[in-house]
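Asks: Got a structure for you, upload00.cif, holding mmCIF, C-alpha atoms.
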data_data
#
loop_
_atom_site.label_atom_id
_atom_site.label_comp_id
_atom_site.auth_asym_id
_atom_site.auth_seq_id
_atom_site.Cartn_x
_atom_site.Cartn_y
_atom_site.Cartn_z
CA MET A 203 2.01 59.12 -5.63
CA LEU A 204 4.18 56.13 -4.85
CA ARG A 205 1.76 53.89 -6.75
CA ILE A 206 1.93 56.17 -9.80
CA GLY A 207 5.70 56.14 -9.57
CA LEU A 208 5.82 52.35 -9.37
CA LEU A 209 3.31 52.03 -12.22
CA SER A 210 5.29 54.35 -14.47
CA LEU A 211 8.43 52.38 -13.68
CA LEU A 212 6.67 49.17 -14.73
CA VAL A 213 5.47 50.74 -17.98
CA PHE A 214 8.95 52.05 -18.68
CA THR A 215 10.43 48.61 -18.05
CA SER A 216 7.94 46.88 -20.31
CA VAL A 217 8.68 49.33 -23.14
CA TRP A 218 12.32 48.33 -23.09
CA ALA A 219 11.71 44.63 -22.62
CA HIS A 220 9.24 44.42 -25.52
CA LYS A 221 11.53 45.31 -28.35
CA ILE A 222 9.92 44.89 -31.74
CA ASN A 223 11.99 43.16 -34.37
CA LEU A 224 11.52 43.53 -38.06
CA PHE A 225 12.63 41.13 -40.78
CA ALA A 226 11.94 41.93 -44.41
CA TYR A 227 12.92 40.51 -47.77
CA ASP A 228 11.58 40.73 -51.28
CA GLU A 229 11.14 38.27 -54.08
CA ALA A 230 9.64 38.67 -57.56
CA GLY A 231 8.40 42.18 -56.86
CA LEU A 232 6.73 41.33 -53.55
CA LEU A 233 7.82 42.57 -50.13
CA TYR A 234 7.54 40.11 -47.24
CA VAL A 235 7.55 41.53 -43.70
CA GLN A 236 7.76 39.61 -40.45
CA SER A 237 7.56 41.36 -37.10
CA TYR A 238 7.90 39.86 -33.63
CA PHE A 239 8.95 40.52 -30.05
CA THR A 240 10.70 37.17 -29.90
CA LYS A 241 10.46 34.46 -32.50
CA SER A 242 7.52 32.76 -30.78
CA SER A 243 5.80 36.04 -29.90
CA PRO A 244 4.65 37.63 -33.18
CA CYS A 245 3.54 41.22 -33.56
CA LYS A 246 -0.12 40.45 -34.32
CA GLN A 247 -2.28 42.84 -36.37
CA CYS A 248 0.43 45.47 -36.23
CA VAL A 249 0.38 48.39 -38.66
CA VAL A 250 3.13 48.36 -41.29
CA LYS A 251 3.82 51.59 -43.15
CA LEU A 252 6.07 52.08 -46.16
CA LEU A 253 7.39 55.63 -46.48
CA ASP A 254 9.34 57.35 -49.25
CA ALA A 255 12.43 59.50 -48.78
CA ASN A 256 10.24 62.48 -47.79
CA GLN A 257 8.47 60.31 -45.21
CA LYS A 258 5.33 60.36 -47.33
CA GLU A 259 3.25 57.23 -46.84
CA LEU A 260 3.36 54.96 -49.89
CA LEU A 261 1.43 52.06 -48.46
CA ALA A 262 -0.04 50.85 -45.16
CA PHE A 263 -1.19 47.37 -44.21
CA LYS A 264 -1.39 45.04 -41.20
CA THR A 265 0.42 41.91 -40.15
CA ASP A 266 -1.57 38.71 -39.63
CA ASP A 267 -1.67 36.74 -36.38
CA GLU A 268 1.74 35.26 -37.19
CA GLY A 269 3.20 38.75 -37.49
CA LYS A 270 3.58 38.34 -41.24
CA ALA A 271 2.46 40.49 -44.15
CA SER A 272 3.26 41.00 -47.80
CA ALA A 273 2.69 43.72 -50.36
CA LYS A 274 3.74 44.74 -53.84
CA LEU A 275 6.99 46.68 -53.80
CA PRO A 276 6.04 50.36 -54.11
CA SER A 277 9.52 51.50 -55.18
CA ALA A 278 13.14 50.45 -55.17
CA GLU A 279 13.94 52.08 -51.85
CA PHE A 280 11.80 53.07 -48.89
CA ASP A 281 11.47 52.99 -45.11
CA ILE A 282 9.49 50.31 -43.31
CA ILE A 283 7.83 51.12 -39.99
CA VAL A 284 5.99 48.61 -37.84
CA GLU A 285 3.80 50.06 -35.08
CA ALA A 286 2.46 48.02 -32.21
CA GLY A 287 1.04 50.77 -30.02
CA MET A 288 2.31 51.89 -26.58
CA GLY A 289 5.33 53.42 -28.24
CA HIS A 290 6.55 50.12 -29.64
CA GLN A 291 7.94 50.67 -33.07
CA ALA A 292 10.54 49.18 -35.39
CA GLN A 293 11.92 50.99 -38.39
CA THR A 294 14.37 50.16 -41.13
CA HIS A 295 15.50 51.57 -44.44
CA TYR A 296 14.88 48.99 -47.13
CA VAL A 297 16.55 48.58 -50.52
CA ALA A 298 14.64 46.13 -52.70
CA GLN A 299 16.48 43.43 -54.60
CA SER A 300 13.75 42.41 -57.01
CA HIS A 301 12.21 45.75 -57.92
CA THR A 302 12.08 46.35 -61.66
CA LYS A 303 11.07 49.66 -63.13
CA GLU A 304 8.23 49.35 -65.62
CA GLU A 305 9.52 49.79 -69.12
CA THR A 306 8.45 53.11 -70.54
CA LYS A 307 7.05 52.68 -74.01
CA THR A 308 8.29 55.19 -76.53
CA LEU A 309 5.25 56.59 -78.21
CA PRO A 310 5.57 58.49 -81.58
CA SER A 311 4.64 61.71 -79.82
CA ASP A 312 7.46 61.10 -77.32
CA MET A 313 10.01 60.58 -80.06
CA PRO A 314 12.74 63.19 -79.87
CA LEU A 315 12.91 65.74 -82.70
CA ASP A 316 16.49 64.91 -83.74
CA LYS A 317 15.55 61.24 -84.27
CA MET A 318 12.57 62.27 -86.42
CA LEU A 319 14.76 64.58 -88.52
CA LEU A 320 17.37 61.85 -88.99
CA GLY A 321 14.63 59.47 -90.19
CA LEU A 322 13.37 62.05 -92.71
CA VAL A 323 16.91 62.67 -94.01
CA ILE A 324 17.42 58.90 -94.52
CA ILE A 325 14.11 58.59 -96.42
CA VAL A 326 14.88 61.61 -98.63
CA PHE A 327 18.41 60.29 -99.31
CA PHE A 328 17.07 56.78 -100.19
CA PHE A 329 14.47 58.11 -102.67
CA GLY A 330 16.96 60.66 -104.01
CA VAL A 331 19.40 57.85 -104.85
CA LEU A 332 16.60 55.87 -106.55
CA TYR A 333 15.56 58.91 -108.60
CA TRP A 334 19.18 59.55 -109.65
CA ILE A 335 19.66 55.92 -110.79
CA LYS A 336 16.43 55.92 -112.85
CA ARG A 337 17.15 59.33 -114.37
CA LYS A 338 20.66 58.38 -115.46
CA PRO A 339 20.61 57.72 -119.30
CA SER A 340 21.80 54.27 -120.37
CA HIS A 341 24.73 54.09 -122.84
CA THR A 342 24.13 51.75 -125.70
CA MET B 292 68.28 14.42 -22.06
CA LYS B 293 65.49 12.57 -20.27
CA VAL B 294 64.94 15.61 -18.07
CA LEU B 295 64.71 17.83 -21.14
CA LEU B 296 62.18 15.52 -22.84
CA ALA B 297 60.15 15.24 -19.66
CA SER B 298 60.07 18.99 -19.23
CA LEU B 299 59.01 19.43 -22.87
CA VAL B 300 56.11 17.02 -22.34
CA CYS B 301 55.12 18.83 -19.15
CA ALA B 302 55.31 22.19 -20.87
CA SER B 303 53.16 21.10 -23.81
CA SER B 304 50.54 19.61 -21.51
CA LEU B 305 50.10 23.00 -19.88
CA PHE B 306 48.75 24.41 -23.13
CA ALA B 307 45.20 23.26 -23.59
CA HIS B 308 43.99 22.05 -26.96
CA PHE B 309 40.86 23.77 -28.15
CA GLN B 310 38.71 23.04 -31.14
CA THR B 311 37.32 26.35 -32.39
CA VAL B 312 34.23 27.44 -34.28
CA MET B 313 34.27 31.18 -34.86
CA THR B 314 32.04 33.27 -37.09
CA ASP B 315 32.71 36.61 -38.73
CA LYS B 316 29.57 38.01 -37.07
CA THR B 317 27.55 36.98 -34.05
CA VAL B 318 24.49 39.14 -34.65
CA ILE B 319 22.77 39.66 -37.99
CA GLU B 320 20.57 42.70 -38.39
CA GLN B 321 18.02 43.74 -41.00
CA GLY B 322 19.82 45.26 -43.96
CA GLY B 323 23.15 43.66 -43.11
CA ASN B 324 25.06 40.91 -44.87
CA THR B 325 23.45 37.58 -44.04
CA LYS B 326 26.31 35.38 -45.22
CA VAL B 327 28.17 33.95 -42.22
CA SER B 328 31.79 32.88 -42.68
CA ILE B 329 32.85 30.20 -40.24
CA GLN B 330 36.40 29.31 -39.26
CA TYR B 331 37.37 25.97 -37.70
CA GLU B 332 40.76 25.40 -36.07
CA PHE B 333 42.40 22.98 -33.70
CA THR B 334 44.66 25.22 -31.70
CA HIS B 335 46.12 26.54 -28.49
CA PRO B 336 44.15 29.79 -28.54
CA PHE B 337 46.14 31.97 -26.18
CA GLU B 338 49.50 30.92 -27.55
CA GLN B 339 48.13 30.87 -31.12
CA ASN B 340 49.90 27.59 -31.78
CA LEU B 341 47.92 25.79 -34.42
CA MET B 342 47.57 22.06 -34.74
CA ASN B 343 46.58 20.09 -37.80
CA MET B 344 42.86 19.49 -38.21
CA GLU B 345 41.38 16.75 -40.35
CA LYS B 346 38.15 17.35 -42.21
CA PRO B 347 35.52 16.91 -39.46
CA LYS B 348 33.17 13.97 -39.45
CA GLU B 349 30.16 16.16 -38.72
CA ALA B 350 29.50 19.88 -38.92
CA GLY B 351 26.53 22.07 -39.53
CA VAL B 352 24.02 24.37 -37.97
CA PHE B 353 21.19 23.82 -35.50
CA MET B 354 18.08 26.03 -35.73
CA ASP B 355 14.48 25.53 -34.65
CA GLY B 356 15.21 22.02 -33.36
CA LYS B 357 16.77 20.83 -36.62
CA LYS B 358 20.35 20.12 -37.58
CA THR B 359 21.49 20.93 -41.10
CA SER B 360 24.83 19.58 -42.22
CA PHE B 361 26.96 21.59 -44.61
CA LEU B 362 30.12 19.56 -44.50
CA GLY B 363 30.08 19.54 -48.29
CA SER B 364 30.88 23.26 -48.38
CA PHE B 365 34.00 22.90 -46.24
CA GLN B 366 37.21 24.26 -47.71
CA ALA B 367 40.68 23.57 -46.36
CA VAL B 368 42.77 26.59 -45.42
CA GLU B 369 46.49 26.12 -44.98
CA LYS B 370 48.12 28.10 -42.19
CA ASN B 371 51.75 27.56 -41.20
CA LYS B 372 51.71 24.32 -43.25
CA LEU B 373 48.83 23.04 -41.11
CA THR B 374 45.24 22.51 -42.16
CA THR B 375 42.34 24.53 -40.83
CA TRP B 376 38.88 24.72 -42.36
CA LYS B 377 36.34 27.30 -43.38
CA SER B 378 32.76 27.30 -44.60
CA GLU B 379 29.96 29.72 -45.37
CA TYR B 380 26.29 29.71 -44.55
CA THR B 381 23.65 32.17 -45.73
CA ILE B 382 20.93 32.98 -43.21
CA LYS B 383 17.50 33.48 -44.73
CA GLU B 384 15.11 33.80 -41.79
CA PRO B 385 15.00 34.97 -38.18
CA GLY B 386 16.35 32.52 -35.65
CA VAL B 387 19.17 31.57 -33.34
CA TYR B 388 21.74 29.58 -35.25
CA GLN B 389 24.11 27.26 -33.40
CA PHE B 390 27.09 26.39 -35.61
CA TYR B 391 28.74 23.19 -34.45
CA VAL B 392 31.49 20.77 -35.34
CA ASP B 393 32.29 17.25 -34.19
CA PRO B 394 35.90 16.72 -35.24
CA VAL B 395 37.75 13.52 -36.01
CA PRO B 396 39.25 12.50 -32.64
CA TYR B 397 42.88 13.56 -32.40
CA PHE B 398 45.38 11.09 -30.93
CA GLU B 399 47.67 12.70 -28.38
CA PRO B 400 50.65 10.35 -28.01
CA ALA B 401 52.05 12.18 -24.97
CA GLU B 402 48.89 11.49 -23.03
CA GLU B 403 48.00 8.21 -24.76
CA LYS B 404 44.46 9.30 -25.37
CA PHE B 405 42.17 10.64 -28.04
CA ILE B 406 40.80 14.17 -27.86
CA ARG B 407 37.35 14.87 -29.24
CA HIS B 408 36.01 18.38 -28.75
CA GLN B 409 32.39 18.85 -29.72
CA THR B 410 32.28 22.57 -30.32
CA LYS B 411 29.74 25.24 -31.07
CA THR B 412 29.12 28.97 -31.31
CA ILE B 413 25.83 30.83 -31.40
CA VAL B 414 24.59 33.53 -33.78
CA ASP B 415 21.35 35.52 -33.62
CA ALA B 416 19.62 36.59 -36.81
CA PHE B 417 17.17 39.51 -36.86
CA GLY B 418 16.59 39.68 -33.10
CA SER B 419 14.93 36.28 -32.87
CA GLY B 420 16.02 36.01 -29.26
CA GLU B 421 15.03 32.40 -28.61
CA GLY B 422 16.98 29.18 -28.68
CA TRP B 423 20.43 30.23 -27.48
CA ASP B 424 19.94 28.18 -24.30
CA LYS B 425 18.72 25.04 -26.09
CA PRO B 426 20.92 21.94 -26.23
CA ILE B 427 21.54 20.77 -29.76
CA GLY B 428 22.06 17.17 -28.73
CA LEU B 429 25.81 16.79 -28.70
CA LYS B 430 27.12 14.08 -26.38
CA ALA B 431 29.01 16.74 -24.44
CA GLU B 432 27.69 20.25 -24.50
CA ILE B 433 27.89 23.62 -22.74
CA ILE B 434 24.55 25.39 -22.41
CA PRO B 435 24.81 29.15 -21.91
CA LEU B 436 22.87 30.67 -19.06
CA SER B 437 23.88 34.17 -20.20
CA ARG B 438 22.88 35.21 -23.71
CA PRO B 439 26.13 34.46 -25.50
CA TYR B 440 26.05 36.83 -28.47
CA SER B 441 25.59 40.12 -26.61
CA LEU B 442 28.16 40.14 -23.82
CA TYR B 443 30.39 43.08 -23.09
CA ALA B 444 34.00 42.68 -22.10
CA GLY B 445 33.88 42.54 -18.32
CA ASN B 446 30.55 40.72 -18.12
CA LEU B 447 30.06 37.59 -16.08
CA PHE B 448 29.24 34.56 -18.19
CA SER B 449 27.36 31.58 -16.73
CA ALA B 450 26.75 28.20 -18.33
CA GLN B 451 25.95 24.58 -17.57
CA VAL B 452 27.90 21.51 -18.60
CA LEU B 453 25.95 18.53 -19.93
CA TYR B 454 27.05 14.99 -20.75
CA LYS B 455 24.47 12.88 -22.57
CA GLY B 456 21.94 15.60 -21.77
CA LYS B 457 22.50 15.55 -18.01
CA PRO B 458 24.36 18.09 -15.84
CA VAL B 459 27.94 17.18 -14.95
CA PRO B 460 28.51 17.88 -11.22
CA ASN B 461 31.85 19.53 -10.44
CA ALA B 462 32.84 19.63 -14.11
CA GLU B 463 36.24 21.18 -14.75
CA VAL B 464 36.14 23.96 -17.32
CA GLU B 465 39.19 25.34 -19.09
CA VAL B 466 38.94 28.89 -20.40
CA GLU B 467 41.19 30.58 -22.94
CA PHE B 468 41.21 33.87 -24.78
CA TYR B 469 41.77 33.68 -28.55
CA ASN B 470 44.78 35.89 -28.36
CA THR B 471 45.22 37.79 -31.62
CA LYS B 472 46.45 40.83 -29.70
CA GLY B 473 49.83 39.32 -28.90
CA LEU B 474 49.19 39.49 -25.15
CA LYS B 475 51.72 37.88 -22.83
CA ALA B 476 50.59 35.87 -19.83
CA PRO B 477 52.40 36.72 -16.56
CA ASN B 478 53.34 33.05 -16.39
CA GLU B 479 52.15 29.79 -17.91
CA MET B 480 49.44 29.30 -15.31
CA TYR B 481 47.56 32.27 -16.78
CA VAL B 482 47.41 30.84 -20.32
CA THR B 483 44.58 28.44 -19.51
CA GLN B 484 42.29 29.35 -16.64
CA VAL B 485 40.41 26.60 -14.84
CA TYR B 486 37.01 26.79 -13.19
CA LYS B 487 34.97 24.21 -11.33
CA ALA B 488 31.25 23.85 -11.91
CA ASP B 489 28.88 23.34 -8.99
CA LYS B 490 26.85 20.18 -8.28
CA ASN B 491 24.49 21.13 -11.14
CA GLY B 492 27.29 21.60 -13.63
CA VAL B 493 26.88 25.37 -13.53
CA PHE B 494 29.94 27.61 -13.73
CA HIS B 495 30.55 31.38 -13.88
CA VAL B 496 33.43 33.18 -15.56
CA ALA B 497 34.17 36.91 -15.87
CA LEU B 498 35.49 37.92 -19.29
CA PRO B 499 37.84 40.88 -18.98
CA LEU B 500 38.66 41.54 -22.65
CA GLU B 501 36.83 42.02 -25.93
CA GLY B 502 37.31 39.18 -28.36
CA TRP B 503 36.70 35.46 -28.64
CA TRP B 504 36.62 33.29 -25.52
CA GLY B 505 36.67 29.49 -25.50
CA PHE B 506 35.24 27.27 -22.76
CA ALA B 507 36.13 23.60 -22.69
CA ALA B 508 34.55 21.24 -20.18
CA LEU B 509 36.64 18.11 -20.37
CA MET B 510 35.41 14.69 -19.32
CA ASP B 511 36.26 11.03 -19.78
CA ASP B 512 34.03 9.52 -22.43
CA ASP B 513 32.47 6.11 -21.87
CA GLU B 514 33.69 4.99 -25.29
CA LYS B 515 37.23 4.03 -26.20
CA ILE B 516 38.92 4.20 -29.58
CA LYS B 517 41.14 1.47 -30.95
CA LYS B 518 44.46 2.27 -32.53
CA ASP B 519 47.10 -0.25 -33.55
CA GLY B 520 45.27 -3.01 -31.69
CA LYS B 521 45.11 -1.07 -28.44
CA SER B 522 42.13 0.71 -26.86
CA TYR B 523 42.67 4.29 -25.79
CA PRO B 524 40.50 6.50 -23.60
CA VAL B 525 38.78 9.52 -25.12
CA GLU B 526 38.88 12.98 -23.59
CA LEU B 527 35.50 14.35 -24.60
CA GLY B 528 35.28 18.11 -24.59
CA ALA B 529 32.14 20.20 -24.53
CA VAL B 530 33.42 23.40 -26.09
CA LEU B 531 31.69 26.73 -26.55
CA TRP B 532 33.03 29.90 -28.17
CA LEU B 533 31.60 33.36 -27.72
CA LYS B 534 32.70 36.87 -28.58
CA THR B 535 32.59 39.82 -26.21
CA GLU B 536 32.49 43.41 -27.40
CA ALA B 537 34.01 46.51 -25.83
CA MET B 538 31.60 49.05 -24.42
CA LYS B 539 32.39 52.28 -26.26
#
What's the C-alpha cells form of this structure?
Replies:
Amino acid sequence: MLRIGLLSLLVFTSVWAHKINLFAYDEAGLLYVQSYFTKSSPCKQCVVKLLDANQKELLAFKTDDEGKASAKLPSAEFDIIVEAGMGHQAQTHYVAQSHTKEETKTLPSDMPLDKMLLGLVIIVFFFGVLYWIKRKPSHT
Amino acid sequence: MKVLLASLVCASSLFAHFQTVMTDKTVIEQGGNTKVSIQYEFTHPFEQNLMNMEKPKEAGVFMDGKKTSFLGSFQAVEKNKLTTWKSEYTIKEPGVYQFYVDPVPYFEPAEEKFIRHQTKTIVDAFGSGEGWDKPIGLKAEIIPLSRPYSLYAGNLFSAQVLYKGKPVPNAEVEVEFYNTKGLKAPNEMYVTQVYKADKNGVFHVALPLEGWWGFAALMDDDEKIKKDGKSYPVELGAVLWLKTEAMK
C-alpha cells in the first residue's frame, strides 16, 4: 500500500514537472508548431490536433524528433492541442495571421437577379436610343 | 558651510547609483504580444532620483549563446530634463532572452571614481525554461540561482556574483526596490540594503514586495580610466534586475 502511495506520488510529481510548451506561428498560409518540455527536450512524435470552434477535428499530425511540425492552415481561427500521453497536454487558441480566404468566383448562375435585370435594362436602353436616332428623319 | 557641504556629500553617497534594464514583460506566452519594450535608466531606484545617462557603448540581447546588439534602435527619452533610453525587441522563437547594457562609465566627482554598471534582466519566451542561469560573458555579472522571471513577492532569491567568470568571495551586494509606489523608508539606512555573499560569491535575499528589484554587486575593477591627465579607479557593478509578482 505504501509502495503504491509512493508510486502515485512520483507519477503526480512528474506530471507537474513535465509541462508541455507550445509555440506556434504561421507564414504564407502554413502553420508551424513547436512543442517541448524545455527548449532542449522536444516533444517527439507527439500528436497535434487542430480543432474548430465546436471542437471538431480539422486536422491531426505528429511532431518530428525535434518537436516540430507544419501544416496548411485549415481556417483563420482554431484551437491547437498537443498530446504527449500520460496526461501531458498543451492547448492554445490560435488566430492565424497569414490565412487568406479563397476568392469565390462569381459564376453566371450565381449572379443575383437584380444585377441581371439591370444589365437587360441597360442593353434595351442602348438599342432603344440607337433605334430612335436612326428612325429620326433628317431635315434637308 | 564646510559642515553643510560635507553632510551633503555624505547624504548623497548613501543613495546607491543603479543602472537599470527593465522590460514591460518578463514572460511571453503563446498568443501574447511578442514585442518587448526595454527601459534603461541611471537612477537611485528607491528615491526615484534620476541621473543623466549617455547613450550606452554596448547593449543588446543574449540568447542561445549569442549576443545580438540593437544599439541602433535606441531612442532617447527625456525625463526631468535628464536623458534615459528605450528600445524595442521583437521575440520570434522560444528561448530565454537576457537583455543587457554596458553603459558609458559615469564619473562621480565626489568619490573621484568612475562607475560602470554592467546590467541585465531576463525574459522567458514561450516556456523555454533554459538559459536563465547562464553567464552572458560580462566582466562583472550576477548569475541567478533562483529562476528570476517567476518569483512571487516574499520569495527568497539566490544568486552568485562573478568577476571575469569566477565567483567573487564575500562580494558586497546592494539591493534596492524600484519604488514607484511612493514608499517611505523608516530611515536612510533602509533605502539601500546590503548583503554579503559567501566564499563562493553566493547570496540570498528575500523580496517582500511586488515590483522591480535591483541587485548590484560592486567591485574594484582592475582597469583605470584616464580623465584630465589623471587615472581614476573604476567601480565595476554587476547588476541584475528582476520583477516579483503578487500572489493573488
Asks: Residues of chain A within 9 Å of chain B, using only C-alpha atoms, as a PyMOL selection string?
Replies: chain A and resi 221-227+236+238-242+294-297
Asks: Using only C-alpha atoms, please write the residues we just selected to a file, as a short mmCIF file (atom, residue, chain, number, x, y, z; two decimals), keeping the file's coordinate frame.
Replies:
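So the final result, stored in out_31.cif, reads:
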data_model
loop_
_atom_site.label_atom_id
_atom_site.label_comp_id
_atom_site.auth_asym_id
_atom_site.auth_seq_id
_atom_site.Cartn_x
_atom_site.Cartn_y
_atom_site.Cartn_z
CA LYS A 221 11.53 45.31 -28.35
CA ILE A 222 9.92 44.89 -31.74
CA ASN A 223 11.99 43.16 -34.37
CA LEU A 224 11.52 43.53 -38.06
CA PHE A 225 12.63 41.13 -40.78
CA ALA A 226 11.94 41.93 -44.41
CA TYR A 227 12.92 40.51 -47.77
CA GLN A 236 7.76 39.61 -40.45
CA TYR A 238 7.90 39.86 -33.63
CA PHE A 239 8.95 40.52 -30.05
CA THR A 240 10.70 37.17 -29.90
CA LYS A 241 10.46 34.46 -32.50
CA SER A 242 7.52 32.76 -30.78
CA THR A 294 14.37 50.16 -41.13
CA HIS A 295 15.50 51.57 -44.44
CA TYR A 296 14.88 48.99 -47.13
CA VAL A 297 16.55 48.58 -50.52
#
Asks: Pull out every residue that the PyMOL selection byres ((chain B and resi 350-360) around 6) matches in the shown coordinates and put them as a PyMOL selection string.
Replies: chain B and resi 349+361-362+388-392
Asks: Exactly which residues make up the result of the PyMOL selection byres ((chain A and resi 232) around 9) on this file, given as a ChimeraX atom specification?
Replies: /A:227-231,233-234,272-275,300-301
Asks: Check what the PyMOL selection byres ((chain A and resi 270) around 8) selects in the file above and give those residues as number ranges by chain.
Replies: A: 234-237, 265-269, 271-272
Asks: Of the residues B:Phe405, B:Tyr481, B:Tyr443, B:Phe494, which is the one nearest to B:Met538, using only C-alpha atoms?
Replies: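 Ranked by minimum distance to B:Met538, first place goes to B:Tyr443.
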Asks: B:Gly445, B:Ala401, B:Val482, B:Met344: which is nearest B:Asn470, counting only C-alpha atoms?
Replies: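 Closest to B:Asn470 of all the choices is B:Val482.
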Asks: If we count only C-alpha atoms, what is near stretch 525-534 of chain B at a cut-off of 8 Å, once residues fewer than 2 positions away on the same chain are taken out, given as number ranges by chain?
Replies: B: 309-313, 317, 404-413, 431-433, 439-440, 442, 452-453, 501-516, 523, 536
Asks: Atom CA of B:Val318 and atom CA of B:Val414 are how many Å apart?
Replies: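 Distance reported for this atom pair: 5.7 Å.
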Asks: Using only C-alpha atoms, which of the listed residues (B:Lys455, B:Glu467, B:Asp415, B:Lys472) sits closest to B:Arg438?
Replies: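 So, comparing all the options, the nearest one is B:Asp415.
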Asks: Atom CA of B:Thr381 to atom CA of B:Phe365: how many Å, to one decimal?
Replies: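 Between atom CA of B:Thr381 and atom CA of B:Phe365 the gap is 13.9 Å.
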Asks: So the first atom is atom CA of B:Val485 and the second is atom CA of B:Ser328; what is the distance between them in Å, to one decimal place?
Replies: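 Between these atoms lies a distance of 29.8 Å.
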Asks: If we count all atoms listed in the file, what is near stretch 366-369 of chain B at a cut-off of 12 Å, once residues fewer than 2 positions away on the same chain are taken out, given as a PDB file with C-alpha atoms, in the coordinates of the input?
Replies:
ATOM      1  CA  SER B 328      31.790  32.880 -42.680  1.00  0.00           C
ATOM      2  CA  ILE B 329      32.850  30.200 -40.240  1.00  0.00           C
ATOM      3  CA  GLN B 330      36.400  29.310 -39.260  1.00  0.00           C
ATOM      4  CA  TYR B 331      37.370  25.970 -37.700  1.00  0.00           C
ATOM      5  CA  GLU B 332      40.760  25.400 -36.070  1.00  0.00           C
ATOM      6  CA  LEU B 341      47.920  25.790 -34.420  1.00  0.00           C
ATOM      7  CA  MET B 342      47.570  22.060 -34.740  1.00  0.00           C
ATOM      8  CA  ASN B 343      46.580  20.090 -37.800  1.00  0.00           C
ATOM      9  CA  MET B 344      42.860  19.490 -38.210  1.00  0.00           C
ATOM     10  CA  GLU B 345      41.380  16.750 -40.350  1.00  0.00           C
ATOM     11  CA  LYS B 346      38.150  17.350 -42.210  1.00  0.00           C
ATOM     12  CA  PRO B 347      35.520  16.910 -39.460  1.00  0.00           C
ATOM     13  CA  PHE B 361      26.960  21.590 -44.610  1.00  0.00           C
ATOM     14  CA  LEU B 362      30.120  19.560 -44.500  1.00  0.00           C
ATOM     15  CA  GLY B 363      30.080  19.540 -48.290  1.00  0.00           C
ATOM     16  CA  SER B 364      30.880  23.260 -48.380  1.00  0.00           C
ATOM     17  CA  ASN B 371      51.750  27.560 -41.200  1.00  0.00           C
ATOM     18  CA  LYS B 372      51.710  24.320 -43.250  1.00  0.00           C
ATOM     19  CA  LEU B 373      48.830  23.040 -41.110  1.00  0.00           C
ATOM     20  CA  THR B 374      45.240  22.510 -42.160  1.00  0.00           C
ATOM     21  CA  THR B 375      42.340  24.530 -40.830  1.00  0.00           C
ATOM     22  CA  TRP B 376      38.880  24.720 -42.360  1.00  0.00           C
ATOM     23  CA  LYS B 377      36.340  27.300 -43.380  1.00  0.00           C
ATOM     24  CA  SER B 378      32.760  27.300 -44.600  1.00  0.00           C
ATOM     25  CA  GLU B 379      29.960  29.720 -45.370  1.00  0.00           C
TER      26      GLU B 379
END
Asks: May I ask which of the residues B:Lys370, B:Lys517, B:Lys487, B:Lys348 is the closest one to B:Thr334, counting all atoms listed in the file?
Replies: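 Comparing B:Lys370, B:Lys517, B:Lys487, B:Lys348 against B:Thr334, the winner is B:Lys370.
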Asks: If we draw a sphere of 6 Å around (9.0, 51.9, -49.8), which residues have at least one atom in it when counting all atoms listed in the file? Please report them as a ChimeraX atom specification.
Replies: /A:252-254,276-277,279-281
Asks: Can you give me N, CA and C atoms for stretch 344-355 of chain B, written as a short mmCIF file (atom, residue, chain, number, x, y, z; two decimals), in the frame of the given file?
Replies:
data_model
loop_
_atom_site.label_atom_id
_atom_site.label_comp_id
_atom_site.auth_asym_id
_atom_site.auth_seq_id
_atom_site.Cartn_x
_atom_site.Cartn_y
_atom_site.Cartn_z
N MET B 344 44.25 19.94 -38.39
CA MET B 344 42.86 19.49 -38.21
C MET B 344 42.42 18.73 -39.45
N GLU B 345 41.94 17.52 -39.23
CA GLU B 345 41.38 16.75 -40.35
C GLU B 345 40.01 17.29 -40.68
N LYS B 346 39.51 16.95 -41.87
CA LYS B 346 38.15 17.35 -42.21
C LYS B 346 37.20 16.70 -41.19
N PRO B 347 36.36 17.49 -40.54
CA PRO B 347 35.52 16.91 -39.46
C PRO B 347 34.56 15.85 -39.97
N LYS B 348 34.11 15.02 -39.04
CA LYS B 348 33.17 13.97 -39.45
C LYS B 348 31.74 14.49 -39.47
N GLU B 349 31.50 15.56 -38.72
CA GLU B 349 30.16 16.16 -38.72
C GLU B 349 30.28 17.65 -38.42
N ALA B 350 29.53 18.44 -39.18
CA ALA B 350 29.50 19.88 -38.92
C ALA B 350 28.26 20.45 -39.56
N GLY B 351 27.73 21.46 -38.96
CA GLY B 351 26.53 22.07 -39.53
C GLY B 351 25.98 23.15 -38.64
N VAL B 352 24.67 23.32 -38.75
CA VAL B 352 24.02 24.37 -37.97
C VAL B 352 22.72 23.80 -37.39
N PHE B 353 22.40 24.25 -36.18
CA PHE B 353 21.19 23.82 -35.50
C PHE B 353 20.28 25.04 -35.36
N MET B 354 19.05 24.92 -35.86
CA MET B 354 18.08 26.03 -35.73
C MET B 354 16.69 25.45 -35.69
N ASP B 355 15.87 25.98 -34.79
CA ASP B 355 14.48 25.53 -34.65
C ASP B 355 14.38 24.02 -34.47
#
